[in-house]
>>> print(open('structure03.tsv').read())   # TSV, C-alpha atoms and all ligand atoms
chain	number	residue	atom	x	y	z
A	1	MET	CA	-42.49	47.29	-159.14
A	2	THR	CA	-39.45	46.65	-156.92
A	3	PRO	CA	-38.26	49.87	-155.29
A	4	THR	CA	-34.55	50.55	-155.54
A	5	SER	CA	-34.23	52.70	-152.45
A	6	LYS	CA	-36.53	53.24	-149.54
A	7	ASP	CA	-37.42	56.48	-147.81
A	8	ARG	CA	-36.88	56.43	-144.06
A	9	VAL	CA	-39.99	57.00	-141.94
A	10	LYS	CA	-39.34	57.93	-138.31
A	11	ILE	CA	-41.33	56.12	-135.67
A	12	PHE	CA	-42.49	58.33	-132.80
A	13	ASP	CA	-43.93	56.27	-129.99
A	14	THR	CA	-46.37	57.94	-127.61
A	15	THR	CA	-47.41	54.90	-125.52
A	16	LEU	CA	-46.11	56.63	-122.41
A	17	ARG	CA	-47.96	59.91	-123.08
A	18	ASP	CA	-51.05	59.53	-125.29
A	19	GLY	CA	-51.29	55.80	-124.47
A	20	GLU	CA	-51.05	56.38	-120.76
A	21	GLN	CA	-53.83	59.00	-121.04
A	22	SER	CA	-56.36	56.17	-121.68
A	23	PRO	CA	-58.59	56.00	-118.63
A	24	GLY	CA	-57.23	53.25	-116.42
A	25	ALA	CA	-53.91	52.76	-118.23
A	26	THR	CA	-51.71	54.46	-115.65
A	27	MET	CA	-48.24	52.93	-115.28
A	28	THR	CA	-45.83	53.09	-112.37
A	29	HIS	CA	-42.52	54.92	-112.57
A	30	ALA	CA	-40.58	51.65	-112.85
A	31	GLU	CA	-42.92	50.32	-115.55
A	32	LYS	CA	-42.50	53.51	-117.60
A	33	LEU	CA	-38.73	53.23	-117.42
A	34	GLU	CA	-38.89	49.60	-118.47
A	35	ILE	CA	-41.15	50.32	-121.47
A	36	ALA	CA	-38.96	53.26	-122.53
A	37	SER	CA	-35.90	51.06	-122.40
A	38	MET	CA	-37.63	48.41	-124.55
A	39	LEU	CA	-38.68	51.08	-127.08
A	40	ASP	CA	-35.15	52.46	-127.25
A	41	GLU	CA	-33.76	48.94	-127.66
A	42	MET	CA	-36.15	48.10	-130.49
A	43	GLY	CA	-35.07	51.12	-132.54
A	44	VAL	CA	-37.95	53.58	-132.08
A	45	ASP	CA	-36.67	57.01	-133.19
A	46	ILE	CA	-38.56	59.24	-130.78
A	47	ILE	CA	-40.14	58.34	-127.43
A	48	GLU	CA	-42.76	60.74	-126.11
A	49	ALA	CA	-42.14	59.97	-122.47
A	50	GLY	CA	-44.91	62.04	-120.87
A	51	PHE	CA	-46.43	65.42	-120.12
A	52	PRO	CA	-44.06	66.91	-117.51
A	53	ILE	CA	-46.37	69.67	-116.26
A	54	ALA	CA	-49.20	67.18	-115.61
A	55	SER	CA	-47.84	65.94	-112.28
A	56	ASP	CA	-44.60	65.52	-110.34
A	57	GLY	CA	-44.76	61.81	-111.18
A	58	ASP	CA	-44.93	62.56	-114.90
A	59	PHE	CA	-42.07	65.03	-114.63
A	60	GLU	CA	-39.87	62.53	-112.79
A	61	ALA	CA	-40.64	59.76	-115.26
A	62	VAL	CA	-39.73	61.95	-118.26
A	63	ARG	CA	-36.58	63.19	-116.53
A	64	ASP	CA	-35.40	59.67	-115.62
A	65	ILE	CA	-36.22	58.27	-119.07
A	66	ALA	CA	-34.23	61.16	-120.56
A	67	LYS	CA	-31.24	60.40	-118.33
A	68	LEU	CA	-31.26	56.71	-119.18
A	69	SER	CA	-31.91	57.13	-122.90
A	70	ARG	CA	-29.44	55.66	-125.37
A	71	GLU	CA	-30.23	56.19	-129.07
A	72	ALA	CA	-33.82	57.45	-129.08
A	73	THR	CA	-34.80	61.11	-128.95
A	74	ILE	CA	-36.74	61.78	-125.75
A	75	CYS	CA	-39.68	64.11	-126.11
A	76	GLY	CA	-41.96	65.77	-123.57
A	77	LEU	CA	-45.32	67.40	-124.26
A	78	ALA	CA	-46.13	71.01	-123.35
A	79	ARG	CA	-49.15	73.24	-123.89
A	80	ALA	CA	-48.64	76.60	-125.55
A	81	ASN	CA	-47.44	78.52	-122.53
A	82	LEU	CA	-44.00	79.37	-121.20
A	83	THR	CA	-44.42	77.59	-117.86
A	84	ASP	CA	-45.29	74.26	-119.53
A	85	ILE	CA	-42.42	74.63	-121.97
A	86	ASP	CA	-39.87	75.45	-119.25
A	87	ARG	CA	-41.00	72.46	-117.19
A	88	CYS	CA	-40.81	70.23	-120.25
A	89	TRP	CA	-37.28	71.39	-121.00
A	90	GLU	CA	-36.22	70.72	-117.40
A	91	ALA	CA	-37.47	67.14	-117.80
A	92	VAL	CA	-35.91	66.32	-121.19
A	93	ARG	CA	-32.73	68.37	-121.15
A	94	GLU	CA	-30.46	65.55	-119.96
A	95	ALA	CA	-31.39	63.25	-122.82
A	96	LYS	CA	-28.73	62.56	-125.42
A	97	ARG	CA	-31.30	63.87	-127.90
A	98	PRO	CA	-34.00	66.02	-126.25
A	99	ARG	CA	-37.16	67.29	-127.97
A	100	ILE	CA	-39.90	69.70	-126.84
A	101	HIS	CA	-43.35	69.05	-128.32
A	102	THR	CA	-45.71	71.97	-127.92
A	103	PHE	CA	-49.30	72.14	-129.16
A	104	ILE	CA	-52.47	74.21	-129.28
A	105	GLY	CA	-55.95	73.43	-130.59
A	106	THR	CA	-56.48	75.34	-133.84
A	107	SER	CA	-59.93	74.21	-135.05
A	108	PRO	CA	-62.93	76.48	-134.38
A	109	LEU	CA	-64.11	74.23	-131.53
A	110	HIS	CA	-60.68	74.17	-129.92
A	111	ARG	CA	-60.02	77.89	-130.45
A	112	ALA	CA	-63.14	78.64	-128.42
A	113	ILE	CA	-61.67	77.03	-125.29
A	114	PRO	CA	-58.87	79.55	-124.53
A	115	ASN	CA	-61.13	82.20	-126.04
A	116	LEU	CA	-58.41	83.61	-128.29
A	117	THR	CA	-59.01	85.36	-131.59
A	118	MET	CA	-57.28	83.90	-134.62
A	119	ASP	CA	-54.67	86.67	-134.48
A	120	GLU	CA	-54.09	86.22	-130.77
A	121	MET	CA	-53.60	82.50	-131.24
A	122	ALA	CA	-51.18	83.09	-134.10
A	123	GLU	CA	-49.18	85.43	-131.85
A	124	ARG	CA	-49.20	82.83	-129.04
A	125	ILE	CA	-47.87	80.20	-131.42
A	126	HIS	CA	-45.03	82.45	-132.51
A	127	GLN	CA	-44.10	83.31	-128.93
A	128	THR	CA	-44.21	79.75	-127.56
A	129	VAL	CA	-42.45	78.01	-130.44
A	130	SER	CA	-39.70	80.69	-130.41
A	131	HIS	CA	-39.30	80.18	-126.68
A	132	ALA	CA	-39.05	76.40	-127.06
A	133	ARG	CA	-36.53	76.80	-129.86
A	134	ASN	CA	-34.37	79.06	-127.70
A	135	LEU	CA	-34.15	76.20	-125.21
A	136	CYS	CA	-33.88	73.20	-127.51
A	137	GLU	CA	-32.72	72.58	-131.07
A	138	ASP	CA	-35.39	69.99	-131.72
A	139	VAL	CA	-38.92	71.42	-131.47
A	140	GLN	CA	-42.11	69.76	-132.60
A	141	TRP	CA	-45.29	71.75	-132.98
A	142	SER	CA	-48.84	70.41	-133.33
A	143	PRO	CA	-52.03	72.21	-134.32
A	144	MET	CA	-54.41	70.00	-132.33
A	145	ASP	CA	-57.53	68.98	-134.28
A	146	ALA	CA	-55.72	69.96	-137.48
A	147	THR	CA	-58.04	67.86	-139.63
A	148	ARG	CA	-61.01	70.04	-138.56
A	149	THR	CA	-59.12	73.34	-138.88
A	150	GLU	CA	-59.93	75.68	-141.79
A	151	TRP	CA	-57.31	75.25	-144.54
A	152	ASP	CA	-56.29	78.94	-144.71
A	153	TYR	CA	-55.79	79.15	-140.96
A	154	LEU	CA	-53.95	75.84	-140.79
A	155	LYS	CA	-51.56	76.97	-143.52
A	156	ARG	CA	-51.02	80.29	-141.76
A	157	VAL	CA	-50.25	78.82	-138.33
A	158	VAL	CA	-47.99	76.09	-139.73
A	159	GLU	CA	-45.98	78.81	-141.49
A	160	ILE	CA	-45.73	80.79	-138.25
A	161	ALA	CA	-44.50	77.74	-136.34
A	162	ILE	CA	-41.87	77.01	-139.00
A	163	LYS	CA	-40.66	80.63	-138.99
A	164	ALA	CA	-40.47	80.51	-135.19
A	165	GLY	CA	-38.13	77.52	-135.37
A	166	ALA	CA	-40.21	74.31	-135.29
A	167	THR	CA	-38.30	71.42	-136.84
A	168	THR	CA	-41.20	68.93	-136.97
A	169	ILE	CA	-44.77	69.83	-137.82
A	170	ASN	CA	-47.19	67.21	-136.58
A	171	ILE	CA	-50.69	67.13	-138.07
A	172	PRO	CA	-52.99	65.48	-135.53
A	173	ASP	CA	-56.29	63.87	-136.40
A	174	THR	CA	-57.26	64.35	-132.78
A	175	VAL	CA	-60.74	62.88	-132.95
A	176	GLY	CA	-60.15	60.23	-135.62
A	177	TYR	CA	-62.29	62.17	-138.10
A	178	THR	CA	-60.30	62.03	-141.30
A	179	ALA	CA	-60.22	59.30	-143.96
A	180	PRO	CA	-57.24	57.99	-145.97
A	181	VAL	CA	-57.77	60.03	-149.16
A	182	GLU	CA	-58.15	63.24	-147.16
A	183	SER	CA	-55.23	62.39	-144.86
A	184	ALA	CA	-52.83	62.00	-147.80
A	185	ASP	CA	-54.20	65.07	-149.51
A	186	LEU	CA	-53.82	67.32	-146.45
A	187	ILE	CA	-50.12	66.50	-146.00
A	188	ARG	CA	-49.50	66.81	-149.75
A	189	ARG	CA	-51.16	70.25	-149.84
A	190	LEU	CA	-49.24	71.48	-146.82
A	191	ILE	CA	-45.92	70.38	-148.29
A	192	ALA	CA	-46.78	71.99	-151.62
A	193	ASN	CA	-48.10	75.29	-150.25
A	194	VAL	CA	-46.51	76.14	-146.94
A	195	ASP	CA	-43.50	78.48	-146.97
A	196	GLY	CA	-40.52	76.70	-145.45
A	197	ALA	CA	-42.07	73.20	-145.75
A	198	GLU	CA	-38.82	71.87	-147.17
A	199	ASN	CA	-37.02	72.66	-143.89
A	200	VAL	CA	-39.20	70.53	-141.62
A	201	THR	CA	-40.41	66.98	-141.21
A	202	PHE	CA	-44.17	66.51	-141.42
A	203	ALA	CA	-45.63	64.00	-138.99
A	204	THR	CA	-48.99	62.27	-138.71
A	205	HIS	CA	-50.83	61.53	-135.44
A	206	CYS	CA	-54.06	59.62	-135.91
A	207	HIS	CA	-56.74	58.48	-133.50
A	208	ASN	CA	-58.86	55.43	-134.17
A	209	ASP	CA	-62.42	56.59	-133.51
A	210	LEU	CA	-63.59	55.28	-136.90
A	211	GLY	CA	-61.10	52.41	-137.01
A	212	MET	CA	-59.00	54.17	-139.66
A	213	ALA	CA	-55.92	55.28	-137.69
A	214	THR	CA	-53.50	52.88	-139.36
A	215	ALA	CA	-54.89	53.53	-142.84
A	216	ASN	CA	-54.84	57.29	-142.26
A	217	ALA	CA	-51.25	57.24	-140.99
A	218	LEU	CA	-50.03	55.23	-143.97
A	219	ALA	CA	-51.95	57.51	-146.34
A	220	ALA	CA	-50.27	60.52	-144.73
A	221	VAL	CA	-46.90	58.91	-145.44
A	222	ASP	CA	-48.00	58.50	-149.02
A	223	GLY	CA	-48.72	62.25	-148.99
A	224	GLY	CA	-45.20	63.02	-147.75
A	225	ALA	CA	-45.24	62.65	-143.95
A	226	ARG	CA	-41.98	61.13	-142.71
A	227	GLN	CA	-42.84	60.60	-139.06
A	228	ILE	CA	-45.65	58.40	-137.77
A	229	GLU	CA	-46.90	58.86	-134.23
A	230	CYS	CA	-48.19	55.64	-132.76
A	231	THR	CA	-48.46	53.46	-129.68
A	232	ILE	CA	-47.87	49.83	-128.81
A	233	ASN	CA	-51.11	47.82	-129.21
A	234	GLY	CA	-52.80	51.04	-130.41
A	235	LEU	CA	-53.21	52.14	-126.79
A	236	GLY	CA	-54.58	55.67	-126.46
A	237	GLU	CA	-57.47	57.92	-125.63
A	238	ARG	CA	-60.97	56.65	-126.51
A	239	ALA	CA	-60.53	54.15	-129.39
A	240	GLY	CA	-56.76	54.56	-129.26
A	241	ASN	CA	-53.99	55.66	-131.62
A	242	THR	CA	-52.33	54.21	-134.67
A	243	ALA	CA	-50.77	50.90	-133.59
A	244	LEU	CA	-46.99	50.85	-133.99
A	245	GLU	CA	-46.91	47.16	-134.87
A	246	GLU	CA	-49.47	47.66	-137.65
A	247	VAL	CA	-47.78	50.52	-139.48
A	248	VAL	CA	-44.31	49.03	-139.14
A	249	MET	CA	-45.37	45.59	-140.37
A	250	ALA	CA	-47.56	47.04	-143.14
A	251	MET	CA	-44.58	48.95	-144.57
A	252	ARG	CA	-42.42	45.86	-144.23
A	253	VAL	CA	-44.84	43.35	-145.75
A	254	ARG	CA	-46.07	45.71	-148.50
A	255	GLY	CA	-42.77	47.35	-149.34
A	256	ASP	CA	-43.73	46.83	-152.99
A	257	ILE	CA	-46.36	49.58	-152.76
A	258	MET	CA	-45.08	51.38	-149.63
A	259	PRO	CA	-41.35	51.68	-150.23
A	260	TYR	CA	-40.44	52.99	-146.79
A	261	GLU	CA	-38.21	51.69	-144.07
A	262	THR	CA	-38.11	52.22	-140.33
A	263	GLY	CA	-35.39	51.58	-137.76
A	264	VAL	CA	-37.60	49.18	-135.78
A	265	ASP	CA	-36.35	45.68	-135.02
A	266	THR	CA	-39.67	43.92	-135.62
A	267	THR	CA	-38.59	40.77	-133.77
A	268	LYS	CA	-39.05	42.73	-130.55
A	269	ILE	CA	-42.72	43.55	-131.24
A	270	MET	CA	-44.34	40.62	-129.46
A	271	ALA	CA	-42.37	41.04	-126.24
A	272	ILE	CA	-43.18	44.74	-125.89
A	273	SER	CA	-46.81	44.17	-126.85
A	274	ARG	CA	-47.21	41.65	-124.03
A	275	ARG	CA	-45.40	43.86	-121.55
A	276	VAL	CA	-47.51	46.93	-122.40
A	277	ALA	CA	-50.68	44.83	-122.08
A	278	THR	CA	-49.59	43.67	-118.64
A	279	VAL	CA	-48.49	47.01	-117.22
A	280	SER	CA	-51.37	49.02	-118.69
A	281	GLY	CA	-53.97	46.40	-117.80
A	282	PHE	CA	-55.35	46.68	-121.36
A	283	GLN	CA	-55.45	43.14	-122.73
A	284	VAL	CA	-55.04	42.75	-126.48
A	285	GLN	CA	-58.15	41.50	-128.28
A	286	PRO	CA	-57.56	37.98	-129.72
A	287	ASN	CA	-58.15	39.05	-133.31
A	288	LYS	CA	-55.97	42.20	-133.11
A	289	ALA	CA	-53.75	42.54	-136.20
A	290	ILE	CA	-50.13	41.40	-135.71
A	291	VAL	CA	-50.14	40.86	-131.93
A	292	GLY	CA	-53.51	39.27	-131.14
A	293	LYS	CA	-53.51	35.68	-129.83
A	294	ASN	CA	-55.19	34.53	-133.04
A	295	ALA	CA	-53.05	36.54	-135.48
A	296	PHE	CA	-50.93	33.45	-136.18
A	297	ALA	CA	-53.39	30.72	-135.13
A	298	HIS	CA	-55.35	28.42	-137.42
A	299	GLU	CA	-58.16	26.05	-136.55
A	300	SER	CA	-60.05	25.17	-139.70
A	301	GLY	CA	-59.06	21.99	-141.52
A	302	ILE	CA	-58.45	23.70	-144.87
A	303	HIS	CA	-56.24	26.36	-143.31
A	304	GLN	CA	-54.30	23.90	-141.16
A	305	ASP	CA	-53.73	21.60	-144.12
A	306	GLY	CA	-52.54	24.56	-146.23
A	307	MET	CA	-50.26	25.76	-143.45
A	308	LEU	CA	-48.68	22.32	-143.06
A	309	LYS	CA	-47.90	22.26	-146.78
A	310	ASN	CA	-46.77	25.87	-147.18
A	311	ALA	CA	-47.06	28.53	-144.49
A	312	GLU	CA	-47.44	31.28	-147.10
A	313	THR	CA	-50.83	29.84	-148.07
A	314	PHE	CA	-52.47	31.56	-145.12
A	315	GLU	CA	-49.78	33.78	-143.58
A	316	ILE	CA	-48.35	36.97	-145.09
A	317	MET	CA	-45.69	37.30	-142.38
A	318	ARG	CA	-43.68	34.75	-140.46
A	319	PRO	CA	-44.35	34.60	-136.73
A	320	SER	CA	-40.59	34.95	-136.21
A	321	ASP	CA	-40.76	38.38	-137.94
A	322	ILE	CA	-42.47	39.73	-134.83
A	323	GLY	CA	-40.60	37.56	-132.34
A	324	LEU	CA	-43.16	34.79	-132.01
A	325	ALA	CA	-41.74	31.27	-131.88
A	326	GLU	CA	-44.25	29.61	-134.18
A	327	THR	CA	-47.66	29.52	-135.76
A	328	SER	CA	-50.18	27.77	-133.58
A	329	LEU	CA	-52.46	25.11	-134.99
A	330	VAL	CA	-55.38	25.22	-132.60
A	331	MET	CA	-57.07	21.83	-132.35
A	332	GLY	CA	-60.84	22.15	-132.36
A	333	LYS	CA	-63.93	20.92	-134.13
A	334	HIS	CA	-62.89	22.58	-137.40
A	335	SER	CA	-59.52	20.82	-137.50
A	336	GLY	CA	-58.83	18.17	-140.08
A	337	ARG	CA	-57.01	14.86	-140.20
A	338	ALA	CA	-53.71	16.33	-141.46
A	339	ALA	CA	-53.41	18.68	-138.51
A	340	LEU	CA	-54.30	15.93	-136.05
A	341	ARG	CA	-51.67	13.66	-137.55
A	342	ALA	CA	-49.02	16.44	-137.36
A	343	LYS	CA	-49.99	17.35	-133.79
A	344	LEU	CA	-49.87	13.74	-132.62
A	345	LYS	CA	-46.51	13.29	-134.30
A	346	ASP	CA	-45.20	16.28	-132.32
A	347	LEU	CA	-46.47	14.55	-129.19
A	348	GLY	CA	-44.58	11.38	-130.10
A	349	HIS	CA	-47.32	9.32	-131.77
A	350	ASP	CA	-46.66	8.50	-135.41
A	351	LEU	CA	-49.96	6.91	-136.45
A	352	GLY	CA	-50.77	4.74	-139.41
A	353	ASP	CA	-53.89	5.49	-141.47
A	354	ASN	CA	-56.21	3.06	-139.70
A	355	GLN	CA	-55.19	4.14	-136.24
A	356	LEU	CA	-55.55	7.79	-137.23
A	357	LYS	CA	-59.06	7.10	-138.54
A	358	ASP	CA	-60.10	5.74	-135.19
A	359	VAL	CA	-58.50	8.53	-133.15
A	360	PHE	CA	-59.95	11.14	-135.48
A	361	VAL	CA	-63.51	9.97	-134.79
A	362	ARG	CA	-62.97	10.22	-131.06
A	363	PHE	CA	-61.12	13.54	-131.41
A	364	LYS	CA	-64.12	15.04	-133.25
A	365	ALA	CA	-66.50	13.82	-130.55
A	366	LEU	CA	-64.30	15.47	-127.93
A	367	ALA	CA	-63.95	18.67	-129.97
A	368	ASP	CA	-67.74	18.92	-130.17
A	369	ARG	CA	-67.85	19.08	-126.39
A	370	LYS	CA	-64.81	21.36	-125.89
A	371	LYS	CA	-63.95	24.70	-127.51
A	372	GLU	CA	-60.29	23.84	-127.78
A	373	VAL	CA	-58.60	20.47	-127.54
A	374	TYR	CA	-55.31	20.81	-125.70
A	375	ASP	CA	-52.20	18.65	-125.90
A	376	GLU	CA	-53.17	17.05	-122.56
A	377	ASP	CA	-56.54	16.02	-124.06
A	378	LEU	CA	-54.78	14.39	-126.99
A	379	ILE	CA	-52.35	12.63	-124.69
A	380	ALA	CA	-55.32	11.29	-122.69
A	381	LEU	CA	-56.99	10.18	-125.92
A	382	MET	CA	-53.85	8.31	-126.96
A	383	SER	CA	-53.42	6.62	-123.61
A	384	ASP	CA	-56.80	4.94	-124.10
A	385	ALA	CA	-56.07	1.21	-124.37
A	386	SER	CA	-58.19	0.70	-127.47
A	387	VAL	CA	-56.03	3.14	-129.41
A	388	GLU	CA	-52.76	1.61	-128.42
A	389	ALA	CA	-54.01	-1.89	-129.24
B	401	LIG	O1	-54.43	63.88	-130.42
B	401	LIG	C1	-53.80	64.95	-130.33
B	401	LIG	O2	-54.12	65.98	-130.93
B	401	LIG	C2	-52.65	64.96	-129.43
B	401	LIG	C3	-51.79	66.19	-129.47
B	401	LIG	C4	-51.32	66.59	-128.13
B	401	LIG	C5	-50.66	65.97	-130.44
B	401	LIG	O3	-52.36	63.98	-128.78
B	402	ZN	ZN	-53.43	62.16	-129.53
>>> encode(input="structure03.tsv", output="structure tokens")
Amino acid sequence: MTPTSKDRVKIFDTTLRDGEQSPGATMTHAEKLEIASMLDEMGVDIIEAGFPIASDGDFEAVRDIAKLSREATICGLARANLTDIDRCWEAVREAKRPRIHTFIGTSPLHRAIPNLTMDEMAERIHQTVSHARNLCEDVQWSPMDATRTEWDYLKRVVEIAIKAGATTINIPDTVGYTAPVESADLIRRLIANVDGAENVTFATHCHNDLGMATANALAAVDGGARQIECTINGLGERAGNTALEEVVMAMRVRGDIMPYETGVDTTKIMAISRRVATVSGFQVQPNKAIVGKNAFAHESGIHQDGMLKNAETFEIMRPSDIGLAETSLVMGKHSGRAALRAKLKDLGHDLGDNQLKDVFVRFKALADRKKEVYDEDLIALMSDASVEA
């Protein structure tokens, strides 16, 4: 079925907050400003720039990102207390579009930490969200560990947050515990049952402990969420967060079954992925979806031959869609004659069948010794006198 109109899903990037919380991923002030500017430029709707109360450095980064922001909403994180919220407001207030994001753990395990009764926590939520709303028109509230919170309590506290003035309700799967069917169902049930649900945007925030963050986020959208929280390269605590590039490209490539659009200019994905990898020190695994080195690389003969005839045979997106110049045909022992011929032609050698036969034998012998045969190896192979004869 071809959709006639697409629902807009907001992209909330938390690379600079949740992503930077990964052990070892700390970024400098200048690097944070640079990443924020790239996110703004690529059309991300909301940038969670940091946790202002965490340190003076975090505060200054959020404040400077807010000052320099152009289109994106700039959000800061705050725990459920007035001091955190005031500090957060100080940091974001100069943004063109500021947002305060306040949260508290609502599951039984998380409630035990501040040692509050259910009623005391409900009262705290009312007080802190009201306070945030008095400072800022755009307030996001999150019941941390929502997916392990009892349904009745979750419904109750979400209603309290909405009454107190929250404009976005984020449902975090803090420990990556949920699964797609449940993720969709939870958002659907909240929208159907919570008083005031029609006045807020529901968001999804998934961690990747079971490798389901992307699937869970997209399922939540299916259930009615209209904001996805994510990070570049899936950076984030433990196994990371939903990867921005995955959800955005999934909705773009499979618009037939996920008729949603985002404001993200996907051609900027590769550049920001590489920059985040460099500044965070977290290299992207080669087989990572969308941005891994091998995501648009082909070595086997059958695949290379198919790609040379029609790229759609083995690629569901064009490399240019994510800002990559071209597909790479990696020359190795699995490569076939067609790819070798095309590669040599690119290098200026248009071989006839007999010549190719000879070079191919020697190419295979070389490929057996080397993992990858580079252009320089092929040039050396061609400069061999017996080939040119
Ligand atoms: O994972 C989580 O619960 C969080 C909250 C602060 C939203 O990052
Ligand atoms: Zn998180």
>>> closest_residue(input="structure03.tsv", among="A:Leu16, A:Ile272, A:Ala225, A:Val373", to="ligand LIG 401 (chain B)", atoms="all atoms listed in the file")
A:Leu16
>>> closest_residue(input="structure03.tsv", among="A:Ile316, A:Val253, A:Ile228, A:Ala380", to="ligand ZN 402 (chain B)", atoms="all atoms listed in the file")
A:Ile228
>>> residues_around(input="structure03.tsv", residues="segment 123-126 of chain A", least_positions_apart="2", cutoff="7 Å", atoms="only C-alpha atoms", output="list of chain:residue names")
A:Ala80, A:Asp119, A:Glu120, A:Met121, A:Thr128, A:Val129, A:Ser130, A:Ile160, A:Ala161, A:Ala164
>>> closest_residue(input="structure03.tsv", among="A:Ala49, A:Ala220, A:Ala78, A:Ile257", to="ligand LIG 401 (chain B)", atoms="only C-alpha atoms and all ligand atoms")
A:Ala78
>>> atom_distance(input="structure03.tsv", atom1="atom CA of Glu48 of chain A", atom2="atom CA of Asp13 of chain A")
6.0 Å
>>> residues_near_ligand(input="structure03.tsv", ligand="ligand LIG 401 (chain B)", cutoff="9 Å", atoms="only C-alpha atoms and all ligand atoms", output="short mmCIF file (atom, residue, chain, number, x, y, z; two decimals) with C-alpha atoms, keeping the file's coordinate frame")
data_model
loop_
_atom_site.label_atom_id
_atom_site.label_comp_id
_atom_site.auth_asym_id
_atom_site.auth_seq_id
_atom_site.Cartn_x
_atom_site.Cartn_y
_atom_site.Cartn_z
CA THR A 14 -46.37 57.94 -127.61
CA ARG A 17 -47.96 59.91 -123.08
CA ASP A 18 -51.05 59.53 -125.29
CA LEU A 77 -45.32 67.40 -124.26
CA ALA A 78 -46.13 71.01 -123.35
CA ARG A 79 -49.15 73.24 -123.89
CA HIS A 101 -43.35 69.05 -128.32
CA THR A 102 -45.71 71.97 -127.92
CA PHE A 103 -49.30 72.14 -129.16
CA ILE A 104 -52.47 74.21 -129.28
CA GLY A 105 -55.95 73.43 -130.59
CA TRP A 141 -45.29 71.75 -132.98
CA SER A 142 -48.84 70.41 -133.33
CA PRO A 143 -52.03 72.21 -134.32
CA MET A 144 -54.41 70.00 -132.33
CA ASP A 145 -57.53 68.98 -134.28
CA ALA A 146 -55.72 69.96 -137.48
CA ASN A 170 -47.19 67.21 -136.58
CA ILE A 171 -50.69 67.13 -138.07
CA PRO A 172 -52.99 65.48 -135.53
CA ASP A 173 -56.29 63.87 -136.40
CA THR A 174 -57.26 64.35 -132.78
CA VAL A 175 -60.74 62.88 -132.95
CA GLY A 176 -60.15 60.23 -135.62
CA HIS A 205 -50.83 61.53 -135.44
CA CYS A 206 -54.06 59.62 -135.91
CA HIS A 207 -56.74 58.48 -133.50
CA GLU A 229 -46.90 58.86 -134.23
CA GLY A 236 -54.58 55.67 -126.46
CA GLU A 237 -57.47 57.92 -125.63
CA ASN A 241 -53.99 55.66 -131.62
#
>>> residues_around(input="structure03.tsv", residues="Gly348 of chain A", least_positions_apart="6", cutoff="12 Å", atoms="all atoms listed in the file", output="JSON list (two decimals) with C-alpha atoms, keeping the file's coordinate frame")
[["chain", "number", "residue", "atom", "x", "y", "z"],
["A", 341, "ARG", "CA", -51.67, 13.66, -137.55],
["A", 342, "ALA", "CA", -49.02, 16.44, -137.36],
["A", 375, "ASP", "CA", -52.20, 18.65, -125.90],
["A", 378, "LEU", "CA", -54.78, 14.39, -126.99],
["A", 379, "ILE", "CA", -52.35, 12.63, -124.69],
["A", 382, "MET", "CA", -53.85, 8.31, -126.96],
["A", 383, "SER", "CA", -53.42, 6.62, -123.61]]
>>> residues_around(input="structure03.tsv", residues="Ser55 of chain A", least_positions_apart="6", cutoff="12 Å", atoms="all atoms listed in the file", output="ChimeraX atom specification")
/A:61-62,84,87-88,91
>>> residues_around(input="structure03.tsv", residues="Asp138 of chain A", least_positions_apart="4", cutoff="8 Å", atoms="all atoms listed in the file", output="ChimeraX atom specification")
/A:98-100,133,166-168
>>> closest_residue(input="structure03.tsv", among="A:Ser273, A:Ser183, A:Gln285, A:Ser335", to="Asp305 of chain A", atoms="only C-alpha atoms")
A:Ser335
>>> closest_residue(input="structure03.tsv", among="A:Lys364, A:Lys155, A:Arg8, A:Lys309", to="Ala338 of chain A", atoms="all atoms listed in the file")
A:Lys309
>>> closest_residue(input="structure03.tsv", among="A:Phe59, A:Tyr153, A:Phe202, A:Phe12", to="Lys32 of chain A", atoms="all atoms listed in the file")
A:Phe59
